[in-house]
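Student: Input file: model.csv. Contents: CSV, C-alpha atoms.
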chain,number,residue,atom,x,y,z
A,1,PHE,CA,-43.9,-72.9,-61.8
A,2,GLU,CA,-41.9,-69.8,-61.1
A,3,LEU,CA,-41.2,-69.1,-64.8
A,4,LEU,CA,-44.9,-69.6,-65.6
A,5,CYS,CA,-46.4,-67.8,-62.6
A,6,GLY,CA,-43.8,-65.4,-61.4
A,7,GLN,CA,-43.6,-66.8,-57.9
A,8,ARG,CA,-42.4,-70.0,-56.2
A,9,PRO,CA,-45.1,-72.5,-55.6
A,10,PHE,CA,-44.5,-73.0,-51.9
A,11,ASP,CA,-43.3,-69.4,-51.1
A,12,PRO,CA,-46.3,-67.2,-52.0
A,13,PRO,CA,-45.9,-63.5,-51.2
A,14,ASP,CA,-49.0,-63.5,-49.0
A,15,ARG,CA,-47.6,-66.1,-46.5
A,16,PRO,CA,-44.6,-65.9,-44.1
A,17,SER,CA,-41.8,-67.9,-45.5
A,18,GLY,CA,-38.8,-69.1,-43.7
A,19,PRO,CA,-36.8,-72.0,-45.0
A,20,ILE,CA,-38.6,-74.5,-42.6
A,21,ASP,CA,-42.0,-73.1,-43.7
A,22,ILE,CA,-41.2,-73.7,-47.3
A,23,ILE,CA,-39.9,-77.2,-46.7
A,24,GLN,CA,-43.0,-78.1,-44.7
A,25,ARG,CA,-45.3,-76.8,-47.4
A,26,HIS,CA,-43.3,-78.7,-50.1
A,27,ILE,CA,-43.7,-81.9,-48.1
A,28,GLY,CA,-47.3,-81.5,-46.9
A,29,GLU,CA,-49.1,-79.4,-49.5
A,30,ASP,CA,-49.9,-79.6,-53.1
A,31,PRO,CA,-48.7,-76.6,-55.1
A,32,PRO,CA,-51.4,-74.0,-56.0
A,33,HIS,CA,-53.0,-74.4,-59.4
A,34,PRO,CA,-51.1,-72.1,-61.7
A,35,LEU,CA,-54.4,-70.6,-62.9
A,36,SER,CA,-55.2,-69.5,-59.3
A,37,VAL,CA,-52.0,-67.4,-59.5
A,38,ARG,CA,-52.3,-66.1,-63.1
A,39,ASP,CA,-55.4,-66.5,-65.1
A,40,ASP,CA,-53.7,-65.8,-68.5
A,41,ILE,CA,-51.8,-69.1,-68.6
A,42,PRO,CA,-53.0,-71.7,-71.1
A,43,ALA,CA,-54.8,-74.4,-69.2
A,44,GLU,CA,-52.7,-77.1,-70.9
A,45,MET,CA,-49.5,-75.4,-69.6
A,46,ALA,CA,-51.0,-75.2,-66.1
A,47,GLU,CA,-51.8,-78.9,-66.2
A,48,LEU,CA,-48.4,-79.8,-67.4
A,49,CYS,CA,-46.9,-77.7,-64.6
A,50,LEU,CA,-48.9,-79.6,-62.0
A,51,ARG,CA,-47.8,-82.9,-63.5
A,52,LEU,CA,-44.2,-81.9,-63.3
A,53,LEU,CA,-44.6,-81.0,-59.6
A,54,SER,CA,-46.7,-84.0,-58.7
A,55,LYS,CA,-45.7,-85.8,-55.6
A,56,GLU,CA,-46.7,-89.1,-57.3
A,57,PRO,CA,-43.8,-90.1,-59.6
A,58,ALA,CA,-46.0,-92.1,-61.9
A,59,ARG,CA,-48.0,-89.0,-62.7
A,60,ARG,CA,-44.9,-87.0,-63.7
A,61,PRO,CA,-43.7,-87.0,-67.3
A,62,GLN,CA,-41.3,-89.9,-67.7
A,63,ALA,CA,-38.9,-88.2,-70.2
A,64,ALA,CA,-37.9,-84.7,-71.2
A,65,GLU,CA,-39.2,-85.5,-74.7
A,66,GLU,CA,-42.7,-85.9,-73.3
A,67,VAL,CA,-42.4,-82.4,-71.8
A,68,LEU,CA,-41.1,-80.9,-75.0
A,69,LEU,CA,-43.9,-82.5,-77.0
A,70,ALA,CA,-46.5,-81.1,-74.6
A,71,ILE,CA,-45.1,-77.6,-74.7
A,72,SER,CA,-44.7,-77.8,-78.5
A,73,GLY,CA,-48.3,-78.9,-78.8
A,74,VAL,CA,-49.6,-75.9,-76.7
A,75,LEU,CA,-47.4,-73.5,-78.7
A,76,ASN,CA,-48.4,-75.0,-82.1
A,77,ALA,CA,-52.1,-74.7,-81.1
A,78,ARG,CA,-51.6,-71.1,-80.3
A,79,GLY,CA,-49.4,-70.3,-83.4
A,80,ASN,CA,-46.5,-69.3,-81.2
A,81,VAL,CA,-43.8,-71.7,-82.4
A,82,ARG,CA,-40.5,-70.7,-83.8
A,83,HIS,CA,-39.1,-73.8,-85.6
A,84,SER,CA,-35.5,-74.2,-84.6
A,85,ARG,CA,-33.2,-77.1,-83.8
A,86,PRO,CA,-31.1,-77.4,-80.7
A,87,ALA,CA,-27.4,-76.8,-81.1
A,88,PRO,CA,-25.4,-79.9,-81.6
A,89,VAL,CA,-23.6,-81.2,-78.6
Let me see whether you can do it: turn the structure in this file into structure tokens.
Tutor:
Amino acid sequence: FELLCGQRPFDPPDRPSGPIDIIQRHIGEDPPHPLSVRDDIPAEMAELCLRLLSKEPARRPQAAEEVLLAISGVLNARGNVRHSRPAPV
């Protein structure tokens, strides 16, 4: 969320934020929709971000490959992909 929107989801600049406040928001609130913070984010990326932050485990991507495919799909659709392979481990 922070990389996409430039701020933490439960620590917005317009609300007082001590550690306890942030913890309470994290437990009791859903994160703001990324498009409410930045309107230039691709909608698909905003939805993926919300899925990654979901409080319901079944709604979250179940594997890193699912996240990679979703991000690649958005970038491919926008023509923003650099084809590279990860470094061998």
Student: For a quick check of understanding, using only C-alpha atoms, which of A:Pro16, A:Pro32, A:Ala63, A:Ile23 has the smallest distance to Cys49 of chain A?
Tutor: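 The shortest atom-to-atom distance to Cys49 of chain A comes from A:Pro32.
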Student: Within 8 Å of (-49.9, -76.6, -71.6) (file coordinates; all atoms listed in the file), which protein or nucleic acid residues are there? I'd like them as a list in words.
Tutor: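 Counting all atoms listed in the file, I find these residues within 8 Å of (-49.9, -76.6, -71.6): Pro42, Ala43, Glu44, Met45, Ala46, Glu47, Leu48, Cys49, Ala70, Ile71, Gly73 and Val74 of chain A.
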Student: Could you check how far atom CA of Asp11 of chain A sits from atom CA of Leu50 of chain A, in Å to one decimal?
Tutor: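 Pair atom CA of Asp11 of chain A / atom CA of Leu50 of chain A returns 15.9 Å.
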Student: Using all atoms listed in the file, which of the listed residues (A:Pro61, A:Gly18, A:Pro34, A:Gly28) sits closest to Leu3 of chain A?
Tutor: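 Smallest distance to Leu3 of chain A is found for A:Pro34.
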Student: To one decimal place in Å, what is the distance between atom CA of Arg38 of chain A and atom CA of Cys5 of chain A?
Tutor: 6.2 Å
Student: Calculate how many Å separate atom CA of Arg25 of chain A from atom CA of Ser54 of chain A, rounding to one decimal.
Tutor: 13.5 Å
Student: Of the candidates A:Arg60, A:Leu69, A:Arg51, A:Val37, which one gets nearest to Asp14 of chain A if we count all atoms listed in the file?
Tutor: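 Residue with the minimum atom-to-atom distance to Asp14 of chain A: A:Val37.
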